[in-house]
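Source file: start31.cif. Holds: mmCIF, C-alpha atoms.
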```cif
data_upload
#
loop_
_atom_site.label_atom_id
_atom_site.label_comp_id
_atom_site.auth_asym_id
_atom_site.auth_seq_id
_atom_site.Cartn_x
_atom_site.Cartn_y
_atom_site.Cartn_z
CA MET X 1 112.49 78.30 88.48
CA LYS X 2 114.78 76.58 85.96
CA VAL X 3 113.30 73.10 86.62
CA TYR X 4 109.79 74.44 86.30
CA GLY X 5 110.67 76.21 83.06
CA ASP X 6 112.22 73.04 81.55
CA PHE X 7 109.17 71.00 82.54
CA ARG X 8 106.84 73.58 81.01
CA LEU X 9 108.84 73.61 77.79
CA SER X 10 108.80 69.79 77.55
CA LEU X 11 105.06 69.74 78.13
CA LEU X 12 104.49 72.40 75.46
CA GLU X 13 106.60 70.44 72.97
CA HIS X 14 104.67 67.26 73.75
CA LEU X 15 101.33 69.01 73.28
CA ALA X 16 102.51 70.54 70.01
CA GLU X 17 103.51 67.09 68.75
CA LEU X 18 100.10 65.68 69.65
CA LEU X 19 98.40 68.62 67.94
CA TYR X 20 100.38 68.04 64.76
CA LYS X 21 99.55 64.33 64.68
CA GLY X 22 95.92 65.08 65.40
CA SER X 23 95.70 67.63 62.60
CA THR X 24 96.78 64.98 60.03
CA GLN X 25 94.01 62.59 61.07
CA PRO X 26 90.41 63.70 60.28
CA GLN X 27 88.94 61.46 62.98
CA ALA X 28 91.03 63.24 65.60
CA LYS X 29 89.67 66.77 65.05
CA ILE X 30 87.73 66.82 68.32
CA SER X 31 90.81 65.66 70.25
CA SER X 32 92.87 68.35 68.56
CA ILE X 33 90.42 71.05 69.65
CA SER X 34 90.57 69.74 73.21
CA LEU X 35 94.37 69.79 73.12
CA TRP X 36 94.37 73.38 71.84
CA MET X 37 92.09 74.42 74.69
CA CYS X 38 94.37 72.64 77.15
CA LEU X 39 97.43 74.37 75.68
CA VAL X 40 95.90 77.85 75.89
CA LEU X 41 94.71 77.24 79.45
CA MET X 42 98.13 75.98 80.50
CA ILE X 43 99.92 79.03 79.04
CA CYS X 44 97.53 81.44 80.76
CA THR X 45 97.89 79.60 84.06
CA TRP X 46 101.68 79.58 83.75
CA HIS X 47 101.79 83.35 83.18
CA LYS X 48 99.64 83.94 86.26
CA THR X 49 101.78 81.58 88.36
CA ILE X 50 105.19 82.86 87.32
CA GLY X 51 104.24 86.53 87.13
CA CYS X 52 106.76 89.12 85.99
CA ILE X 53 110.13 87.37 85.87
CA TRP X 54 111.92 90.70 85.31
CA MET X 55 110.83 91.75 88.82
CA LYS X 56 111.57 88.43 90.54
CA THR X 57 114.31 88.55 93.16
CA PRO X 58 116.43 85.35 93.22
CA PRO X 59 117.91 84.23 96.57
CA ARG X 60 120.81 86.51 97.58
CA SER X 61 120.66 88.31 94.23
CA PRO X 62 118.93 91.44 92.94
CA SER X 63 116.21 91.21 90.31
CA MET X 64 116.94 92.32 86.76
CA PHE X 65 114.77 95.36 87.46
CA GLN X 66 116.93 96.30 90.45
CA VAL X 67 120.14 95.87 88.45
CA PHE X 68 118.95 98.15 85.65
CA SER X 69 117.33 100.55 88.12
CA ASN X 70 120.66 101.04 89.89
CA ASN X 71 122.35 101.56 86.52
CA THR X 72 119.89 104.24 85.38
CA ILE X 73 120.18 106.07 88.71
CA THR X 74 123.99 106.02 88.51
CA MET X 75 124.03 107.23 84.89
CA LEU X 76 121.52 109.99 85.60
CA GLN X 77 123.64 111.22 88.51
CA LYS X 78 126.57 111.52 86.10
CA MET X 79 124.50 113.60 83.67
CA GLY X 80 124.24 116.65 85.93
CA HIS X 81 124.92 120.14 84.58
CA ASN X 82 126.63 122.87 86.55
CA VAL X 83 123.85 125.46 86.66
CA SER X 84 122.78 127.93 89.30
CA GLY X 85 119.41 127.96 91.03
CA GLU X 86 117.25 125.40 92.80
CA PRO X 87 114.77 123.13 90.96
CA HIS X 88 111.21 124.46 91.28
CA ILE X 89 109.33 121.33 90.22
CA THR X 90 107.22 119.68 92.90
CA PHE X 91 107.28 115.92 93.49
CA PRO X 92 103.98 113.92 93.51
CA ASP X 93 104.39 112.36 96.96
CA LYS X 94 100.64 111.86 97.32
CA GLN X 95 100.46 109.63 94.23
CA TYR X 96 103.36 107.50 95.44
CA ARG X 97 101.71 107.01 98.83
CA GLN X 98 98.65 105.73 96.98
CA VAL X 99 100.83 103.38 94.93
CA ASP X 100 102.23 101.87 98.14
CA THR X 101 98.72 100.56 98.91
CA LEU X 102 98.23 98.86 95.53
CA LYS X 103 98.69 95.20 94.71
CA ALA X 104 102.06 94.06 93.32
CA ASP X 105 100.82 93.68 89.72
CA GLU X 106 99.27 97.16 89.83
CA GLN X 107 102.50 98.60 91.21
CA ILE X 108 104.32 97.03 88.26
CA ALA X 109 101.83 98.68 85.87
CA PHE X 110 102.50 102.02 87.56
CA ILE X 111 106.28 101.55 87.40
CA SER X 112 106.02 100.63 83.71
CA GLN X 113 103.96 103.72 82.85
CA THR X 114 106.25 106.04 84.81
CA LEU X 115 109.42 104.72 83.19
CA ASN X 116 107.81 105.04 79.76
CA ALA X 117 106.97 108.67 80.59
CA ILE X 118 110.59 109.31 81.61
CA LYS X 119 111.80 107.69 78.40
CA LYS X 120 109.49 109.92 76.38
CA LEU X 121 110.90 113.03 78.08
CA TYR X 122 114.45 112.15 77.11
CA SER X 123 113.51 110.93 73.63
CA SER X 124 112.62 114.44 72.46
CA GLY X 125 115.97 114.74 70.69
CA LYS X 126 116.57 118.09 72.37
CA TYR X 127 118.61 116.94 75.34
CA GLU X 128 121.57 119.28 75.87
CA SER X 129 124.46 116.89 76.34
CA THR X 130 128.13 117.65 76.70
CA SER X 131 131.10 115.53 75.70
CA SER X 132 131.60 114.60 79.34
CA ASN X 133 128.14 113.10 79.84
CA GLN X 134 127.10 111.85 76.38
CA LYS X 135 128.34 108.34 77.20
CA ALA X 136 126.35 108.35 80.45
CA PHE X 137 123.26 109.58 78.57
CA ASP X 138 123.54 106.80 75.97
CA LYS X 139 123.89 104.17 78.70
CA PHE X 140 120.98 105.70 80.61
CA MET X 141 118.71 105.52 77.56
CA ASN X 142 119.75 101.97 76.67
CA ASP X 143 118.98 100.74 80.18
CA LEU X 144 115.72 102.67 80.22
CA TYR X 145 114.66 101.03 76.95
CA SER X 146 115.50 97.60 78.41
CA GLN X 147 113.41 98.32 81.50
CA THR X 148 110.35 99.57 79.61
CA SER X 149 110.53 96.77 77.04
CA GLU X 150 110.52 94.05 79.71
CA LEU X 151 107.89 95.72 81.89
CA ASP X 152 105.60 96.30 78.91
CA GLN X 153 105.70 92.54 78.34
CA CYS X 154 104.76 91.98 81.99
CA THR X 155 101.81 94.38 81.94
CA ARG X 156 100.38 92.81 78.78
CA LEU X 157 99.78 89.60 80.73
CA ASP X 158 97.16 91.25 82.91
CA GLN X 159 95.08 94.14 81.57
CA THR X 160 92.67 94.24 84.53
CA ARG X 161 93.15 97.43 86.55
CA SER X 162 91.38 98.71 89.64
CA LYS X 163 89.92 102.22 89.78
CA SER X 164 92.71 103.19 92.18
CA VAL X 165 95.58 102.41 89.82
CA LYS X 166 93.73 103.95 86.86
CA SER X 167 93.28 107.15 88.86
CA VAL X 168 96.94 107.27 89.92
CA ASN X 169 98.20 106.54 86.41
CA LYS X 170 95.97 109.27 84.96
CA LYS X 171 97.30 111.83 87.44
CA MET X 172 100.89 110.80 86.74
CA SER X 173 100.29 111.08 83.00
CA LEU X 174 99.14 114.67 83.51
CA TYR X 175 102.14 115.31 85.76
CA PHE X 176 104.62 114.28 83.07
CA LYS X 177 102.79 116.39 80.49
CA PHE X 178 103.37 119.29 82.86
CA LEU X 179 107.08 118.44 83.00
CA LEU X 180 107.32 118.40 79.22
CA ASN X 181 105.50 121.72 78.98
CA ASP X 182 107.79 123.20 81.63
CA LEU X 183 110.78 122.03 79.60
CA LYS X 184 109.39 123.66 76.45
CA LEU X 185 108.87 126.94 78.33
CA ALA X 186 112.52 126.75 79.41
CA GLU X 187 113.36 126.31 75.69
CA TYR X 188 115.16 123.04 76.46
CA SER X 189 117.94 124.99 78.17
CA ALA X 190 120.63 123.44 80.37
CA SER X 191 118.88 124.74 83.50
CA GLY X 192 115.57 123.34 82.24
CA TRP X 193 117.11 119.92 81.72
CA GLU X 194 118.78 120.08 85.12
CA ASP X 195 115.36 120.64 86.73
CA ILE X 196 114.07 117.60 84.84
CA ARG X 197 117.10 115.51 85.79
CA SER X 198 116.67 116.32 89.48
CA VAL X 199 113.00 115.36 89.56
CA VAL X 200 113.49 112.26 87.37
CA LEU X 201 116.26 111.11 89.70
CA ALA X 202 113.80 111.40 92.61
CA HIS X 203 111.29 109.33 90.61
CA LEU X 204 113.77 106.56 89.86
CA GLN X 205 114.81 106.34 93.50
CA ARG X 206 111.17 106.29 94.63
CA LEU X 207 110.28 103.60 92.07
CA ASP X 208 113.13 101.48 93.42
CA MET X 209 111.66 101.89 96.93
CA THR X 210 108.21 100.91 95.62
CA LEU X 211 109.62 97.62 94.35
CA SER X 212 111.37 96.97 97.67
CA SER X 213 108.08 97.38 99.52
CA GLN X 214 106.37 94.61 97.53
#
```
Would you mind writing the file out in structure tokens?
Amino acid sequence: MKVYGDFRLSLLEHLAELLYKGSTQPQAKISSISLWMCLVLMICTWHKTIGCIWMKTPPRSPSMFQVFSNNTITMLQKMGHNVSGEPHITFPDKQYRQVDTLKADEQIAFISQTLNAIKKLYSSGKYESTSSNQKAFDKFMNDLYSQTSELDQCTRLDQTRSKSVKSVNKKMSLYFKFLLNDLKLAEYSASGWEDIRSVVLAHLQRLDMTLSSQ
């Protein structure tokens, strides 16, 4: 991966130099246009070949996604409140079974959307933290922002989506709107947040399993 990246960078620098020289010579305009087309084609081909580096698993090492996924799961486990009662929110198992049948790039798009939805839930500014878990919450949000930022970059490389992934993403979008509404009805109480934490933890663990199945 490193050798390929260095070669790609050298080739890009060489093409840029040729483009600059060509732009200073009127008789070389046609050559410059050809070089620009070659450069654009090479970049697009490289993106398709390399794919989402954030999700790549090096030999005997976890991917960056797996590292941050483990961190967010650990931090969320530390954020639990001591409240009575069992969570009443259902988990969308059917949607996740559909995701298991999707292509890798479509699974990444699904993971990206779901993590962004989780981030939106906790970005309401109404999270009831305590002094004992504020540090865990801050770390959780920082890692979540890192995940979504990197995955958003990955999904921008390929905007083509099948009907299957569009359908699943739409249903999951409605699901998270339901979670937010449920939280509002609970008036952002500690028990309401604990219900959300429990179901979000299940999502993070299931997303990690989705990556492992690729």
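When the PyMOL selection byres ((chain X and resi 109-122) around 7) is run on the displayed coordinates, the residues it returns are X:Asp105, X:Glu106, X:Gln107, X:Ile108, X:Ser123, X:Ser124, X:Tyr127, X:Leu144, X:Thr148, X:Leu151, X:Asp152, X:Thr155, X:Asn169, X:Phe176, X:Leu180, X:Leu207.
From atom CA of Arg156 of chain X back to atom CA of Ser61 of chain X, the distance works out to 25.9 Å.
Distances here use all atoms listed in the file; by that measure, the residue among X:Ile196, X:Val165, X:Leu201, X:Met209 closest to Val99 of chain X is X:Val165.
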Could you list as a PDB file with C-alpha atoms, keeping the file's coordinate frame every residue that has an atom within 6 Å of (101.9, 105.0, 93.4), using the file's coordinates and counting only C-alpha atoms?
```pdb
ATOM      1  CA  GLN X  95     100.460 109.630  94.230  1.00  0.00           C
ATOM      2  CA  TYR X  96     103.360 107.500  95.440  1.00  0.00           C
ATOM      3  CA  ARG X  97     101.710 107.010  98.830  1.00  0.00           C
ATOM      4  CA  GLN X  98      98.650 105.730  96.980  1.00  0.00           C
ATOM      5  CA  VAL X  99     100.830 103.380  94.930  1.00  0.00           C
ATOM      6  CA  ASP X 100     102.230 101.870  98.140  1.00  0.00           C
TER       7      ASP X 100
END
```
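When all atoms listed in the file are used to compute distances to Lys135 of chain X, the closest of the residues X:Val199, X:Leu76, X:Ile53, X:Leu185 turns out to be X:Leu76.
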